[in-house]
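See below for run-v5.pdb, which holds PDB, C-alpha atoms.
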MODEL        1
ATOM      1  CA  MET M 194     -29.385  47.170  21.104
ATOM      2  CA  ALA M 195     -27.218  44.631  19.298
ATOM      3  CA  THR M 196     -24.221  46.132  17.554
ATOM      4  CA  LYS M 197     -22.342  43.073  16.315
ATOM      5  CA  VAL M 198     -23.234  41.971  12.798
ATOM      6  CA  ILE M 199     -22.965  38.218  12.266
ATOM      7  CA  ASP M 200     -22.933  36.490   8.898
ATOM      8  CA  LEU M 201     -25.237  33.593   9.731
ATOM      9  CA  GLN M 202     -24.368  31.540   6.665
ATOM     10  CA  GLN M 203     -20.649  31.793   7.373
ATOM     11  CA  GLU M 204     -21.243  30.919  11.005
ATOM     12  CA  ARG M 205     -23.191  27.824   9.970
ATOM     13  CA  ARG M 206     -20.372  26.790   7.614
ATOM     14  CA  ASN M 207     -17.838  27.268  10.400
ATOM     15  CA  LYS M 208     -19.912  25.165  12.766
ATOM     16  CA  ARG M 209     -20.268  22.473  10.110
ATOM     17  CA  ALA M 210     -16.510  22.384   9.617
ATOM     18  CA  ARG M 211     -16.054  21.866  13.347
ATOM     19  CA  THR M 212     -18.767  19.338  14.076
ATOM     20  CA  GLY M 213     -19.514  17.526  10.816
ATOM     21  CA  TRP M 214     -22.883  16.248   9.683
ATOM     22  CA  THR M 215     -25.333  14.306  11.790
ATOM     23  CA  MET M 216     -26.578  10.947  10.514
ATOM     24  CA  ALA M 217     -30.079  12.424  10.170
ATOM     25  CA  GLU M 218     -28.713  15.236   7.993
ATOM     26  CA  ILE M 219     -26.712  12.793   5.871
ATOM     27  CA  ARG M 220     -29.754  10.566   5.321
ATOM     28  CA  GLU M 221     -31.952  13.519   4.425
ATOM     29  CA  ARG M 222     -29.454  14.963   1.948
ATOM     30  CA  ALA M 223     -28.748  11.556   0.389
ATOM     31  CA  ALA M 224     -32.458  10.930  -0.156
ATOM     32  CA  ARG M 225     -32.862  14.355  -1.736
ATOM     33  CA  ARG M 226     -29.832  13.868  -3.968
ATOM     34  CA  ALA M 227     -30.897  10.384  -5.060
ATOM     35  CA  ALA M 228     -34.372  11.639  -5.992
ATOM     36  CA  ALA M 229     -32.936  14.504  -8.037
ATOM     37  CA  ASN M 230     -30.434  12.182  -9.725
ATOM     38  CA  ARG M 231     -33.153   9.815 -10.904
ATOM     39  CA  GLU M 232     -34.412  12.581 -13.180
ATOM     40  CA  LEU M 233     -30.957  13.649 -14.330
ATOM     41  CA  GLU M 234     -29.508  10.244 -15.167
ATOM     42  CA  LYS M 235     -32.002   9.330 -17.876
ATOM     43  CA  ASP M 236     -29.661  10.503 -20.648
ATOM     44  CA  GLU M 237     -26.636   8.577 -19.460
ATOM     45  CA  PRO M 238     -24.015   7.938 -22.182
ATOM     46  CA  ALA M 239     -23.964   4.333 -23.393
ATOM     47  CA  ASN M 240     -20.348   3.729 -22.433
ATOM     48  CA  LEU M 241     -19.899   5.758 -19.294
ATOM     49  CA  ALA M 242     -16.392   5.762 -17.866
ATOM     50  CA  SER M 243     -13.955   8.090 -16.137
ATOM     51  CA  GLY M 244     -10.424   7.672 -14.944
ATOM     52  CA  LYS M 245      -6.917   7.309 -16.236
ATOM     53  CA  ASP M 246      -4.754   4.287 -16.921
ATOM     54  CA  MET M 247      -5.197   1.851 -14.031
ATOM     55  CA  LYS M 248      -1.617   0.716 -14.469
ATOM     56  CA  SER M 249      -0.487   4.149 -13.229
ATOM     57  CA  ILE M 250      -2.111   3.844  -9.784
ATOM     58  CA  ALA M 251       1.200   3.019  -8.141
ATOM     59  CA  ASP M 252       2.845   6.127  -9.638
ATOM     60  CA  GLU M 253       0.295   8.740  -8.508
ATOM     61  CA  THR M 254       1.478  11.888  -6.744
ATOM     62  CA  GLU M 255       0.130  12.561  -3.266
ATOM     63  CA  ASP M 256      -0.155  16.350  -3.370
ATOM     64  CA  ASP M 257      -3.628  16.541  -4.878
ATOM     65  CA  ASP M 258      -5.610  18.891  -2.627
ATOM     66  CA  GLU M 259      -5.424  22.022  -4.768
TER      67      GLU M 259
ATOM     68  CA  MET Q 200     -18.302  -3.050  -2.115
ATOM     69  CA  ILE Q 201     -16.176  -4.568  -4.851
ATOM     70  CA  ASP Q 202     -15.762  -8.255  -4.046
ATOM     71  CA  GLY Q 203     -14.570 -11.324  -5.923
ATOM     72  CA  ASN Q 204     -17.927 -11.767  -7.612
ATOM     73  CA  ALA Q 205     -17.835  -8.222  -8.973
ATOM     74  CA  LEU Q 206     -14.263  -8.570 -10.218
ATOM     75  CA  THR Q 207     -15.067 -11.889 -11.876
ATOM     76  CA  ALA Q 208     -18.130 -10.362 -13.551
ATOM     77  CA  ALA Q 209     -16.017  -7.451 -14.769
ATOM     78  CA  ARG Q 210     -13.808  -9.892 -16.677
ATOM     79  CA  ALA Q 211     -16.612 -10.153 -19.246
ATOM     80  CA  TRP Q 212     -16.362  -6.406 -19.844
ATOM     81  CA  GLU Q 213     -12.751  -6.747 -21.017
ATOM     82  CA  VAL Q 214     -13.770  -8.393 -24.275
ATOM     83  CA  ALA Q 215     -16.758  -6.159 -25.027
ATOM     84  CA  ALA Q 216     -16.461  -4.670 -28.505
ATOM     85  CA  SER Q 217     -17.682  -1.187 -27.658
ATOM     86  CA  ARG Q 218     -15.789  -0.736 -24.416
ATOM     87  CA  ALA Q 219     -14.445   2.795 -23.897
ATOM     88  CA  VAL Q 220     -11.438   1.845 -21.735
ATOM     89  CA  ASP Q 221      -8.986  -1.047 -21.490
ATOM     90  CA  TRP Q 222      -8.915  -1.382 -17.722
ATOM     91  CA  GLU Q 223      -8.313  -4.663 -15.946
ATOM     92  CA  TRP Q 224     -10.375  -4.295 -12.781
ATOM     93  CA  PHE Q 225      -8.820  -7.304 -11.069
ATOM     94  CA  GLU Q 226      -5.324  -5.858 -11.171
ATOM     95  CA  GLY Q 227      -6.415  -2.225 -10.865
ATOM     96  CA  TYR Q 228      -8.539  -2.868  -7.801
ATOM     97  CA  ALA Q 229      -5.739  -4.804  -6.118
ATOM     98  CA  ALA Q 230      -3.311  -1.905  -6.615
ATOM     99  CA  PHE Q 231      -5.846   0.675  -5.435
ATOM    100  CA  LYS Q 232      -6.795  -1.379  -2.388
ATOM    101  CA  PHE Q 233      -3.168  -1.827  -1.402
ATOM    102  CA  ARG Q 234      -2.361   1.853  -1.712
ATOM    103  CA  TYR Q 235      -5.499   3.549  -0.343
ATOM    104  CA  PRO Q 236      -6.983   2.057   2.828
ATOM    105  CA  LYS Q 237      -9.536   4.907   3.064
ATOM    106  CA  ARG Q 238     -10.785   4.245  -0.445
ATOM    107  CA  PHE Q 239     -14.463   4.253  -1.347
ATOM    108  CA  GLU Q 240     -15.752   1.517  -3.635
ATOM    109  CA  VAL Q 241     -19.070   0.722  -5.258
ATOM    110  CA  ALA Q 242     -20.349  -2.254  -7.239
ATOM    111  CA  LEU Q 243     -23.840  -1.891  -8.687
ATOM    112  CA  TRP Q 244     -25.891  -4.926  -9.646
ATOM    113  CA  GLU Q 245     -29.144  -5.193 -11.578
ATOM    114  CA  ASP Q 246     -31.040  -8.496 -11.626
ATOM    115  CA  GLY Q 247     -27.886 -10.382 -10.717
ATOM    116  CA  ALA Q 248     -25.742  -8.714 -13.384
ATOM    117  CA  LEU Q 249     -22.958  -6.260 -12.679
ATOM    118  CA  VAL Q 250     -23.785  -2.853 -14.198
ATOM    119  CA  GLY Q 251     -21.324  -0.446 -12.592
ATOM    120  CA  LEU Q 252     -18.034  -0.225 -10.720
ATOM    121  CA  SER Q 253     -16.364   2.735  -9.089
ATOM    122  CA  MET Q 254     -13.535   3.459  -6.699
ATOM    123  CA  GLY Q 255     -12.236   6.678  -5.219
ATOM    124  CA  ARG Q 256     -10.471   8.075  -2.175
ATOM    125  CA  PRO Q 257      -9.959  11.172  -0.062
ATOM    126  CA  THR Q 258      -7.327  13.610  -1.291
ATOM    127  CA  TYR Q 259      -3.967  13.626   0.472
ATOM    128  CA  ARG Q 260      -4.926  16.073   3.213
ATOM    129  CA  GLY Q 261      -8.433  14.660   3.471
ATOM    130  CA  GLU Q 262     -10.135  17.871   2.395
ATOM    131  CA  ASN Q 263     -11.926  16.470  -0.652
ATOM    132  CA  LEU Q 264     -13.175  13.169  -2.025
ATOM    133  CA  ARG Q 265     -12.036  11.903  -5.427
ATOM    134  CA  LEU Q 266     -13.928   9.611  -7.725
ATOM    135  CA  ASP Q 267     -10.925   8.089  -9.484
ATOM    136  CA  PHE Q 268     -12.577   5.410 -11.585
ATOM    137  CA  VAL Q 269     -16.089   4.661 -12.729
ATOM    138  CA  GLU Q 270     -17.252   2.358 -15.472
ATOM    139  CA  ALA Q 271     -20.702   1.256 -16.487
ATOM    140  CA  ARG Q 272     -21.223  -2.088 -18.179
ATOM    141  CA  PRO Q 273     -20.336  -1.656 -21.851
ATOM    142  CA  ASN Q 274     -23.258  -1.125 -24.158
ATOM    143  CA  ALA Q 275     -22.389  -4.185 -26.255
ATOM    144  CA  LEU Q 276     -23.291  -6.456 -23.337
ATOM    145  CA  GLY Q 277     -26.903  -5.356 -23.355
ATOM    146  CA  PRO Q 278     -29.101  -2.563 -22.031
ATOM    147  CA  ARG Q 279     -28.745  -1.526 -18.433
ATOM    148  CA  THR Q 280     -30.204   0.903 -15.965
ATOM    149  CA  PRO Q 281     -28.339   4.230 -15.523
ATOM    150  CA  VAL Q 282     -25.674   3.966 -12.834
ATOM    151  CA  PHE Q 283     -24.166   7.378 -12.258
ATOM    152  CA  GLY Q 284     -27.035   8.809 -10.193
ATOM    153  CA  SER Q 285     -26.716   6.039  -7.612
ATOM    154  CA  ILE Q 286     -22.926   6.227  -7.598
ATOM    155  CA  ASP Q 287     -22.981   9.998  -7.146
ATOM    156  CA  ALA Q 288     -25.440   9.703  -4.243
ATOM    157  CA  ALA Q 289     -23.240   7.057  -2.600
ATOM    158  CA  TYR Q 290     -20.169   9.276  -2.891
ATOM    159  CA  GLU Q 291     -22.127  12.126  -1.341
ATOM    160  CA  ILE Q 292     -22.887   9.994   1.718
ATOM    161  CA  TYR Q 293     -19.219   9.083   2.166
ATOM    162  CA  ALA Q 294     -18.211  12.706   1.573
ATOM    163  CA  HIS Q 295     -20.501  13.866   4.372
ATOM    164  CA  LEU Q 296     -19.221  11.157   6.698
ATOM    165  CA  LEU Q 297     -15.679  12.410   6.056
ATOM    166  CA  ASN Q 298     -16.885  16.027   6.236
ATOM    167  CA  VAL Q 299     -15.016  16.999   3.087
ATOM    168  CA  SER Q 300     -15.892  20.084   1.096
ATOM    169  CA  GLN Q 301     -15.823  18.776  -2.482
ATOM    170  CA  ILE Q 302     -16.431  15.705  -4.604
ATOM    171  CA  ARG Q 303     -14.128  15.498  -7.617
ATOM    172  CA  ILE Q 304     -14.557  13.303 -10.678
ATOM    173  CA  MET Q 305     -11.137  12.678 -12.137
ATOM    174  CA  ASN Q 306     -10.319  12.420 -15.839
ATOM    175  CA  PRO Q 307     -13.631  12.228 -17.715
ATOM    176  CA  ILE Q 308     -12.888  10.200 -20.831
ATOM    177  CA  ASN Q 309     -14.585  12.467 -23.354
ATOM    178  CA  VAL Q 310     -16.713  15.584 -23.816
ATOM    179  CA  ILE Q 311     -19.991  13.656 -23.849
ATOM    180  CA  VAL Q 312     -19.297  12.120 -20.455
ATOM    181  CA  ARG Q 313     -18.003  15.410 -19.079
ATOM    182  CA  GLU Q 314     -21.101  17.292 -20.149
ATOM    183  CA  TYR Q 315     -23.258  14.566 -18.630
ATOM    184  CA  TYR Q 316     -21.563  15.068 -15.259
ATOM    185  CA  GLN Q 317     -22.104  18.800 -15.567
ATOM    186  CA  THR Q 318     -25.871  18.240 -15.645
ATOM    187  CA  PHE Q 319     -25.477  16.919 -12.081
ATOM    188  CA  GLY Q 320     -24.003  20.232 -10.946
ATOM    189  CA  TYR Q 321     -20.310  19.466 -11.443
ATOM    190  CA  HIS Q 322     -17.941  22.121 -12.788
ATOM    191  CA  TYR Q 323     -14.982  21.263 -15.008
ATOM    192  CA  LEU Q 324     -11.478  22.446 -14.156
ATOM    193  CA  GLU Q 325      -9.580  22.038 -17.414
ATOM    194  CA  ARG Q 326      -6.178  22.729 -15.854
ATOM    195  CA  LYS Q 327      -6.545  19.768 -13.464
ATOM    196  CA  LYS Q 328      -8.678  17.520 -15.661
ATOM    197  CA  TYR Q 329     -11.378  16.981 -13.064
ATOM    198  CA  LEU Q 330     -14.921  18.052 -12.316
ATOM    199  CA  TYR Q 331     -15.883  19.239  -8.848
ATOM    200  CA  ARG Q 332     -19.021  19.825  -6.865
ATOM    201  CA  ASN Q 333     -19.005  21.771  -3.605
ATOM    202  CA  LEU Q 334     -21.026  20.264  -0.779
TER     203      LEU Q 334
ENDMDL
END
Kindly present the structure from the file in structure tokens form.
Amino acid sequence: MATKVIDLQQERRNKRARTGWTMAEIRERAARRAAANRELEKDEPANLASGKDMKSIADETEDDDE
Amino acid sequence: MIDGNALTAARAWEVAASRAVDWEWFEGYAAFKFRYPKRFEVALWEDGALVGLSMGRPTYRGENLRLDFVEARPNALGPRTPVFGSIDAAYEIYAHLLNVSQIRIMNPINVIVREYYQTFGYHYLERKKYLYRNL
């Protein structure tokens, strides 16, 4: 009888962190995302933009992982 | 990718009356390209006309992917197809190739744009002024 309890989802996440995604997985997820986005993007704002002053690119800080 | 044709086409955006930002893509792209060799860049075209530009990069430790700049062709230059869905899907591909855990959209310019991103599953972190989506 098995006694060790394994969290399968966590194990899959751990494996993913070690091995990365396969090209087949990436293609499948991209196709799914693109299809979903086609429905969502219909109400796009007229003047869509994001970002800060481009002149400040050279002054950016590097510690941005938090 | 963002090439000379895209940057030349973006010059026309700089004089558009309804433009939301005052970016100069020629100079901005050059600075970004020089500083971030692992950058991600997108130029979207529709019937030979530029309709969207974006550039981003991995975070410093490579754990996440940032979308630093995105701009759609200003409304005053005529109607266009939506661009963000395609740009978001392209970033997702690069994010999976890098095996990062999050995509972050930096500095949404206003509430309307921010709420639009949220319909795509992004969450806003007010303290850091970015939206994120876990992969």
- Expected answer as an NGL selection string: chain Q residues within 6 Å of chain M, only C-alpha atoms: :Q and (227 or 258-259 or 267-271 or 273-274 or 284 or 288 or 298 or 305-308)
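You will find CA of Ala275 in chain Q at 27.5 Å from CA of Phe239 in chain Q.
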- In the coordinates of the file, take the point (-8.0, 20.2, -16.7) and a cut-off of 12 Å; then, counting all atoms listed in the file, name each qualifying protein, DNA or RNA residue as a list in words. Arg303, Ile304, Met305, Asn306, Pro307, Ile308, Arg313, His322, Tyr323, Leu324, Glu325, Arg326, Lys327, Lys328, Tyr329, Leu330 and Tyr331 of chain Q
Those selected residues, please, written with C-alpha atoms and delivered as a PDB file, in the coordinates of the input.
ATOM      1  CA  ARG Q 303     -14.128  15.498  -7.617  1.00  0.00           C
ATOM      2  CA  ILE Q 304     -14.557  13.303 -10.678  1.00  0.00           C
ATOM      3  CA  MET Q 305     -11.137  12.678 -12.137  1.00  0.00           C
ATOM      4  CA  ASN Q 306     -10.319  12.420 -15.839  1.00  0.00           C
ATOM      5  CA  PRO Q 307     -13.631  12.228 -17.715  1.00  0.00           C
ATOM      6  CA  ILE Q 308     -12.888  10.200 -20.831  1.00  0.00           C
ATOM      7  CA  ARG Q 313     -18.003  15.410 -19.079  1.00  0.00           C
ATOM      8  CA  HIS Q 322     -17.941  22.121 -12.788  1.00  0.00           C
ATOM      9  CA  TYR Q 323     -14.982  21.263 -15.008  1.00  0.00           C
ATOM     10  CA  LEU Q 324     -11.478  22.446 -14.156  1.00  0.00           C
ATOM     11  CA  GLU Q 325      -9.580  22.038 -17.414  1.00  0.00           C
ATOM     12  CA  ARG Q 326      -6.178  22.729 -15.854  1.00  0.00           C
ATOM     13  CA  LYS Q 327      -6.545  19.768 -13.464  1.00  0.00           C
ATOM     14  CA  LYS Q 328      -8.678  17.520 -15.661  1.00  0.00           C
ATOM     15  CA  TYR Q 329     -11.378  16.981 -13.064  1.00  0.00           C
ATOM     16  CA  LEU Q 330     -14.921  18.052 -12.316  1.00  0.00           C
ATOM     17  CA  TYR Q 331     -15.883  19.239  -8.848  1.00  0.00           C
TER      18      TYR Q 331
END
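Among Q:Leu266, Q:Ile292, Q:Val282, Q:Ala205, the residue with the shortest atom-to-atom distance to Glu221 in chain M, counting all atoms listed in the file, is Q:Ile292.
Between Leu297 in chain Q and the candidates Q:Leu334, Q:Ala216, Q:Val310, Q:Leu249, the tightest atom-to-atom separation, counting only C-alpha atoms, involves Q:Leu334.
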- Counting all atoms listed in the file, figure out which residue out of Q:Glu240, Q:Glu262, Q:Glu223, Q:Asp246 gets nearest to His295 in chain Q.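 Of Q:Glu240, Q:Glu262, Q:Glu223, Q:Asp246, the one nearest His295 in chain Q is Q:Glu262, counting all atoms listed in the file.
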- Could you state the separation of CA of Ala294 in chain Q and CA of Arg238 in chain Q in Å, given to one decimal place? 11.4 Å
Within 7 Å of Phe225 in chain Q using only C-alpha atoms, minus same-chain residues under 3 positions, as a short mmCIF file (atom, residue, chain, number, x, y, z; two decimals) with C-alpha atoms, in the frame of the given file:
data_model
loop_
_atom_site.label_atom_id
_atom_site.label_comp_id
_atom_site.auth_asym_id
_atom_site.auth_seq_id
_atom_site.Cartn_x
_atom_site.Cartn_y
_atom_site.Cartn_z
CA LEU Q 206 -14.26 -8.57 -10.22
CA TYR Q 228 -8.54 -2.87 -7.80
CA ALA Q 229 -5.74 -4.80 -6.12
#
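CA of Thr207 in chain Q to CA of Phe283 in chain Q spans 21.3 Å [interatomic distance, one decimal].
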- Task: Would you translate the PyMOL selection byres ((chain Q and resi 237) around 9) into the concrete set of residues it matches in this file, as a list in words?
- Result: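 Checked against the file, the PyMOL selection byres ((chain Q and resi 237) around 9) matches Lys232, Tyr235, Pro236, Arg238, Phe239, Gly255, Arg256 and Pro257 of chain Q.
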Place N, CA and C atoms on range 207-243 of chain Q and deliver the coordinates as a short mmCIF file (atom, residue, chain, number, x, y, z; two decimals), in the frame of the given file.
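See result30.cif below for the written result:
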data_model
loop_
_atom_site.label_atom_id
_atom_site.label_comp_id
_atom_site.auth_asym_id
_atom_site.auth_seq_id
_atom_site.Cartn_x
_atom_site.Cartn_y
_atom_site.Cartn_z
N THR Q 207 -14.91 -10.80 -10.90
CA THR Q 207 -15.07 -11.89 -11.88
C THR Q 207 -16.04 -11.47 -12.97
N ALA Q 208 -17.14 -10.82 -12.56
CA ALA Q 208 -18.13 -10.36 -13.55
C ALA Q 208 -17.53 -9.32 -14.48
N ALA Q 209 -16.63 -8.51 -13.94
CA ALA Q 209 -16.02 -7.45 -14.77
C ALA Q 209 -15.08 -8.03 -15.83
N ARG Q 210 -14.65 -9.26 -15.65
CA ARG Q 210 -13.81 -9.89 -16.68
C ARG Q 210 -14.53 -9.92 -18.03
N ALA Q 211 -15.85 -10.10 -17.99
CA ALA Q 211 -16.61 -10.15 -19.25
C ALA Q 211 -16.59 -8.80 -19.97
N TRP Q 212 -16.41 -7.72 -19.22
CA TRP Q 212 -16.36 -6.41 -19.84
C TRP Q 212 -15.12 -6.24 -20.72
N GLU Q 213 -14.05 -6.95 -20.36
CA GLU Q 213 -12.75 -6.75 -21.02
C GLU Q 213 -12.76 -7.15 -22.48
N VAL Q 214 -13.71 -7.97 -22.87
CA VAL Q 214 -13.77 -8.39 -24.28
C VAL Q 214 -14.93 -7.75 -25.02
N ALA Q 215 -15.63 -6.81 -24.36
CA ALA Q 215 -16.76 -6.16 -25.03
C ALA Q 215 -16.27 -5.27 -26.16
N ALA Q 216 -16.92 -5.38 -27.30
CA ALA Q 216 -16.46 -4.67 -28.50
C ALA Q 216 -16.49 -3.15 -28.34
N SER Q 217 -17.50 -2.64 -27.69
CA SER Q 217 -17.68 -1.19 -27.66
C SER Q 217 -17.11 -0.54 -26.40
N ARG Q 218 -16.28 -1.26 -25.70
CA ARG Q 218 -15.79 -0.74 -24.42
C ARG Q 218 -14.94 0.53 -24.63
N ALA Q 219 -15.13 1.51 -23.73
CA ALA Q 219 -14.44 2.80 -23.90
C ALA Q 219 -13.05 2.81 -23.29
N VAL Q 220 -12.74 1.88 -22.41
CA VAL Q 220 -11.44 1.84 -21.74
C VAL Q 220 -10.87 0.42 -21.79
N ASP Q 221 -9.60 0.30 -21.45
CA ASP Q 221 -8.99 -1.05 -21.49
C ASP Q 221 -8.56 -1.49 -20.10
N TRP Q 222 -9.30 -1.08 -19.09
CA TRP Q 222 -8.91 -1.38 -17.72
C TRP Q 222 -9.07 -2.87 -17.41
N GLU Q 223 -8.19 -3.32 -16.53
CA GLU Q 223 -8.31 -4.66 -15.95
C GLU Q 223 -8.64 -4.46 -14.47
N TRP Q 224 -9.91 -4.63 -14.13
CA TRP Q 224 -10.38 -4.30 -12.78
C TRP Q 224 -9.71 -5.16 -11.72
N PHE Q 225 -9.44 -6.42 -12.06
CA PHE Q 225 -8.82 -7.30 -11.07
C PHE Q 225 -7.50 -6.71 -10.58
N GLU Q 226 -6.64 -6.38 -11.52
CA GLU Q 226 -5.32 -5.86 -11.17
C GLU Q 226 -5.42 -4.42 -10.65
N GLY Q 227 -6.26 -3.62 -11.27
CA GLY Q 227 -6.42 -2.22 -10.86
C GLY Q 227 -6.96 -2.10 -9.45
N TYR Q 228 -7.95 -2.91 -9.14
CA TYR Q 228 -8.54 -2.87 -7.80
C TYR Q 228 -7.51 -3.30 -6.75
N ALA Q 229 -6.75 -4.33 -7.07
CA ALA Q 229 -5.74 -4.80 -6.12
C ALA Q 229 -4.72 -3.71 -5.80
N ALA Q 230 -4.28 -2.99 -6.83
CA ALA Q 230 -3.31 -1.90 -6.62
C ALA Q 230 -3.93 -0.77 -5.81
N PHE Q 231 -5.16 -0.42 -6.12
CA PHE Q 231 -5.85 0.68 -5.44
C PHE Q 231 -6.09 0.31 -3.97
N LYS Q 232 -6.51 -0.91 -3.75
CA LYS Q 232 -6.80 -1.38 -2.39
C LYS Q 232 -5.53 -1.37 -1.53
N PHE Q 233 -4.44 -1.79 -2.13
CA PHE Q 233 -3.17 -1.83 -1.40
C PHE Q 233 -2.71 -0.42 -1.01
N ARG Q 234 -2.92 0.53 -1.93
CA ARG Q 234 -2.36 1.85 -1.71
C ARG Q 234 -3.26 2.77 -0.89
N TYR Q 235 -4.57 2.59 -0.97
CA TYR Q 235 -5.50 3.55 -0.34
C TYR Q 235 -6.47 2.86 0.62
N PRO Q 236 -6.10 2.72 1.87
CA PRO Q 236 -6.98 2.06 2.83
C PRO Q 236 -8.28 2.82 3.09
N LYS Q 237 -8.31 4.13 2.85
CA LYS Q 237 -9.54 4.91 3.06
C LYS Q 237 -10.35 5.06 1.79
N ARG Q 238 -10.08 4.17 0.83
CA ARG Q 238 -10.78 4.24 -0.44
C ARG Q 238 -12.30 4.06 -0.26
N PHE Q 239 -13.02 4.50 -1.29
CA PHE Q 239 -14.46 4.25 -1.35
C PHE Q 239 -14.72 3.42 -2.59
N GLU Q 240 -15.53 2.39 -2.48
CA GLU Q 240 -15.75 1.52 -3.64
C GLU Q 240 -17.22 1.15 -3.75
N VAL Q 241 -17.67 1.02 -4.97
CA VAL Q 241 -19.07 0.72 -5.26
C VAL Q 241 -19.14 -0.32 -6.36
N ALA Q 242 -19.99 -1.33 -6.16
CA ALA Q 242 -20.35 -2.25 -7.24
C ALA Q 242 -21.87 -2.25 -7.33
N LEU Q 243 -22.38 -1.96 -8.49
CA LEU Q 243 -23.84 -1.89 -8.69
C LEU Q 243 -24.31 -3.10 -9.48
#
